[in-house]
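To keep things clear, I will list the structure first and then write my remarks on it.
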Amino acid sequence: MNPIDRRYDFTILLDVQNGNPNGDPDANNMPRIDPETGVGIITDVCIKRKIRNYVEMVKNGEPGYDIYIRQGAILNEQDNRALDDLKIKDLKKEIKEKKNDVDKSIRDFMCNTFYDIRTFGAVMTTFVKGALNSGQVRGPVQFCFAESIDPVVPRDITLTRIALSTAKDAEDKRNTMGSKSIIPYGLYRMDGFISANQAKLTGFSNDDLELLWDAIVNMFEDDHSAIRGKMAVRKLIVFEHSSVYGNAPSWQLFDAVSVKRKNGITVPRSFSDYDVIIDKEAIPGEVNCIERLG
């Protein structure tokens, strides 16, 4: 399939109610926040994980849609799939004799096989150690951190478990105490970029693009848990350029989207407490603004 032939930028609005959208392991798994402003944060890595999980679920082993970074994967074994397919038994020898050919063949195999490499890129240590460019592939799709529109207030909720772990606990008639960290409500904004120029290198196609939009819209629908029961993508705004290198700077397009609390709302508790405004006059005519959701 041919790679995409134009640049895209996009904005995602997602929210969480009484949950933890992205725990911080350095802070007892509390929701991530900017300590100076109180603004909530969701990392790009967290969102990419959801997209990978969705693609793995819906494609279910279909050729060309394997996932390189997945739970339990041994990355060196994933790398060895390229060596086996290309019948490379001595990588050092092959590199010495025909480095450029080996480099391109490995990159093409890994990009064609793994959707997430084709989309997000990857660092593959087997090939990095061989000083191959294919060891570090930069993907066409990149995300910024998501930041909450308003400051969020994390809370620790104490829980009681009546089922006991040991016989000694039963003798002492002690309940087990626990806790989970939540925020009552947060609406987050995440901006992203898709480079048609980088897509030429990885082969990221229009079919891959449609799958990405589908994954973004639905990434929380099969990811519900006790701590993420009400987490959802509320809006996906796509800026489609008419050229490979784009027709406007991304900041100009992102600035055209504003999210503000409605008049009279001091403590937002739902998506309906906000107004989302797209200033169409600020978007150049060569850029098509598409609302994929909402």
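By order in the structure tokens, chains are A, B, ...; within a chain, residues start at 1; ligands start at 1, following the order shown.
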Proximity of stretch 94-141 of chain A to stretch 189-197 of chain A: per-residue shortest pair, 12 Å limit, only C-alpha atoms, as a tab-separated table:
residue	atom	partner	partner_atom	distance
A:Arg118	CA	A:Ile194	CA	11.9
A:Thr119	CA	A:Ile194	CA	9.1
A:Phe120	CA	A:Ile194	CA	9.7
A:Arg138	CA	A:Ser195	CA	10.3
A:Gly139	CA	A:Ser195	CA	8.3
A:Pro140	CA	A:Ser195	CA	4.7
A:Val141	CA	A:Ile194	CA	4.5
Looking only at the backbone, which of the residues in stretch 14-169 of chain A does DSSP tag as alpha helix (DSSP H), as a ChimeraX atom specification? /A:44-59,75-85,91-113,115-120,125-128,167-169
Residues near stretch 78-91 of chain A, anyone? I mean within 8 Å using only C-alpha atoms, not counting same-chain ones fewer than 6 positions away, as number ranges by chain. A: 68, 105-106, 109-110, 124, 126-127, 130
Kindly provide the residues of stretch 199-286 of chain A that approach stretch 144-153 of chain A to within 9 Å, each paired with its closest atom pair and their distance in Å to one decimal, based on only C-alpha atoms, listed by chain and increasing number, as JSON lines.
{"residue": "A:Val259", "atom": "CA", "partner": "A:Ile149", "partner_atom": "CA", "distance": 7.2}
{"residue": "A:Lys260", "atom": "CA", "partner": "A:Ile149", "partner_atom": "CA", "distance": 7.7}
{"residue": "A:Arg261", "atom": "CA", "partner": "A:Asp150", "partner_atom": "CA", "distance": 8.8}
{"residue": "A:Pro268", "atom": "CA", "partner": "A:Asp150", "partner_atom": "CA", "distance": 8.5}
For A:Ser258, which residue among A:Arg107, A:Lys200, A:Ile4, A:Asp279 is the nearest when counting only C-alpha atoms? A:Asp279
Calculated over only C-alpha atoms, which of the candidates A:Ile41, A:Cys111, A:Ala215, A:Tyr54 has the smallest distance to A:Val16?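 Comparing A:Ile41, A:Cys111, A:Ala215, A:Tyr54 against A:Val16, the winner is A:Ile41.
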Kindly indicate which residue among A:Leu187, A:Ile182, A:Ala131, A:Ala122 lies nearest to A:Ser270, using only C-alpha atoms for the distances.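 Of all the options, A:Leu187 lies closest to A:Ser270.
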Using DSSP on the backbone coordinates, identify all residues within stretch 76-291 of chain A classified as strand (DSSP E or B); present the result as JSON, numbers by chain. {"A": [114, 121, 122, 123, 136, 137, 138, 141, 142, 143, 146, 147, 148, 149, 150, 151, 155, 156, 157, 158, 159, 160, 161, 176, 177, 178, 179, 180, 181, 182, 183, 184, 185, 186, 187, 188, 189, 190, 191, 192, 193, 194, 205, 230, 231, 232, 233, 234, 235, 236, 237, 238, 239, 240, 257, 258, 259, 260, 261, 274, 275, 276, 277, 278, 288, 289, 290, 291]}
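With only C-alpha atoms as the basis for measurement, A:Gly121 is the residue among A:Gly64, A:Gly72, A:Gly121, A:Gly186 that approaches A:Lys48 most closely.
Taking atom CA of A:Asp5 as the reference point, atom CA of A:Lys59 is found at 24.3 Å.
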Pick out the residues sitting within 7 Å of A:Leu13, and hand them over as a list in words; count only C-alpha atoms, and ignore anything fewer than 2 positions along from it in its own chain. Thr11, Asp15, Leu187, Tyr188, Arg189, Met190, Val233, Arg234, Lys235 and Leu236 of chain A
Residues as selected, N, CA, C and O atoms, written as a short mmCIF file (atom, residue, chain, number, x, y, z; two decimals), in the first residue's frame, can you do that?
data_model
loop_
_atom_site.label_atom_id
_atom_site.label_comp_id
_atom_site.auth_asym_id
_atom_site.auth_seq_id
_atom_site.Cartn_x
_atom_site.Cartn_y
_atom_site.Cartn_z
N THR A 11 -6.34 17.09 17.31
CA THR A 11 -6.57 17.40 18.73
C THR A 11 -7.59 16.40 19.28
O THR A 11 -8.63 16.15 18.66
N ASP A 15 -11.88 12.55 28.67
CA ASP A 15 -12.17 12.89 30.07
C ASP A 15 -12.24 11.65 30.94
O ASP A 15 -12.30 10.51 30.45
N LEU A 187 -11.15 17.00 32.27
CA LEU A 187 -11.20 17.01 30.80
C LEU A 187 -9.80 17.35 30.31
O LEU A 187 -9.23 18.37 30.68
N TYR A 188 -9.25 16.48 29.47
CA TYR A 188 -7.87 16.60 29.01
C TYR A 188 -7.83 16.89 27.51
O TYR A 188 -8.65 16.38 26.74
N ARG A 189 -6.82 17.64 27.13
CA ARG A 189 -6.58 17.92 25.71
C ARG A 189 -5.21 17.37 25.31
O ARG A 189 -4.21 17.60 26.01
N MET A 190 -5.18 16.67 24.19
CA MET A 190 -3.92 16.14 23.67
C MET A 190 -3.81 16.51 22.19
O MET A 190 -4.75 16.29 21.43
N VAL A 233 -13.06 9.14 25.07
CA VAL A 233 -12.69 10.18 24.11
C VAL A 233 -13.97 10.91 23.72
O VAL A 233 -14.94 10.29 23.28
N ARG A 234 -13.99 12.22 23.90
CA ARG A 234 -15.18 13.02 23.66
C ARG A 234 -15.17 13.70 22.30
O ARG A 234 -16.22 13.95 21.72
N LYS A 235 -13.97 14.01 21.81
CA LYS A 235 -13.90 14.75 20.55
C LYS A 235 -12.56 14.46 19.88
O LYS A 235 -11.52 14.40 20.55
N LEU A 236 -12.59 14.30 18.56
CA LEU A 236 -11.37 14.16 17.76
C LEU A 236 -11.49 15.11 16.58
O LEU A 236 -12.36 14.97 15.73
#
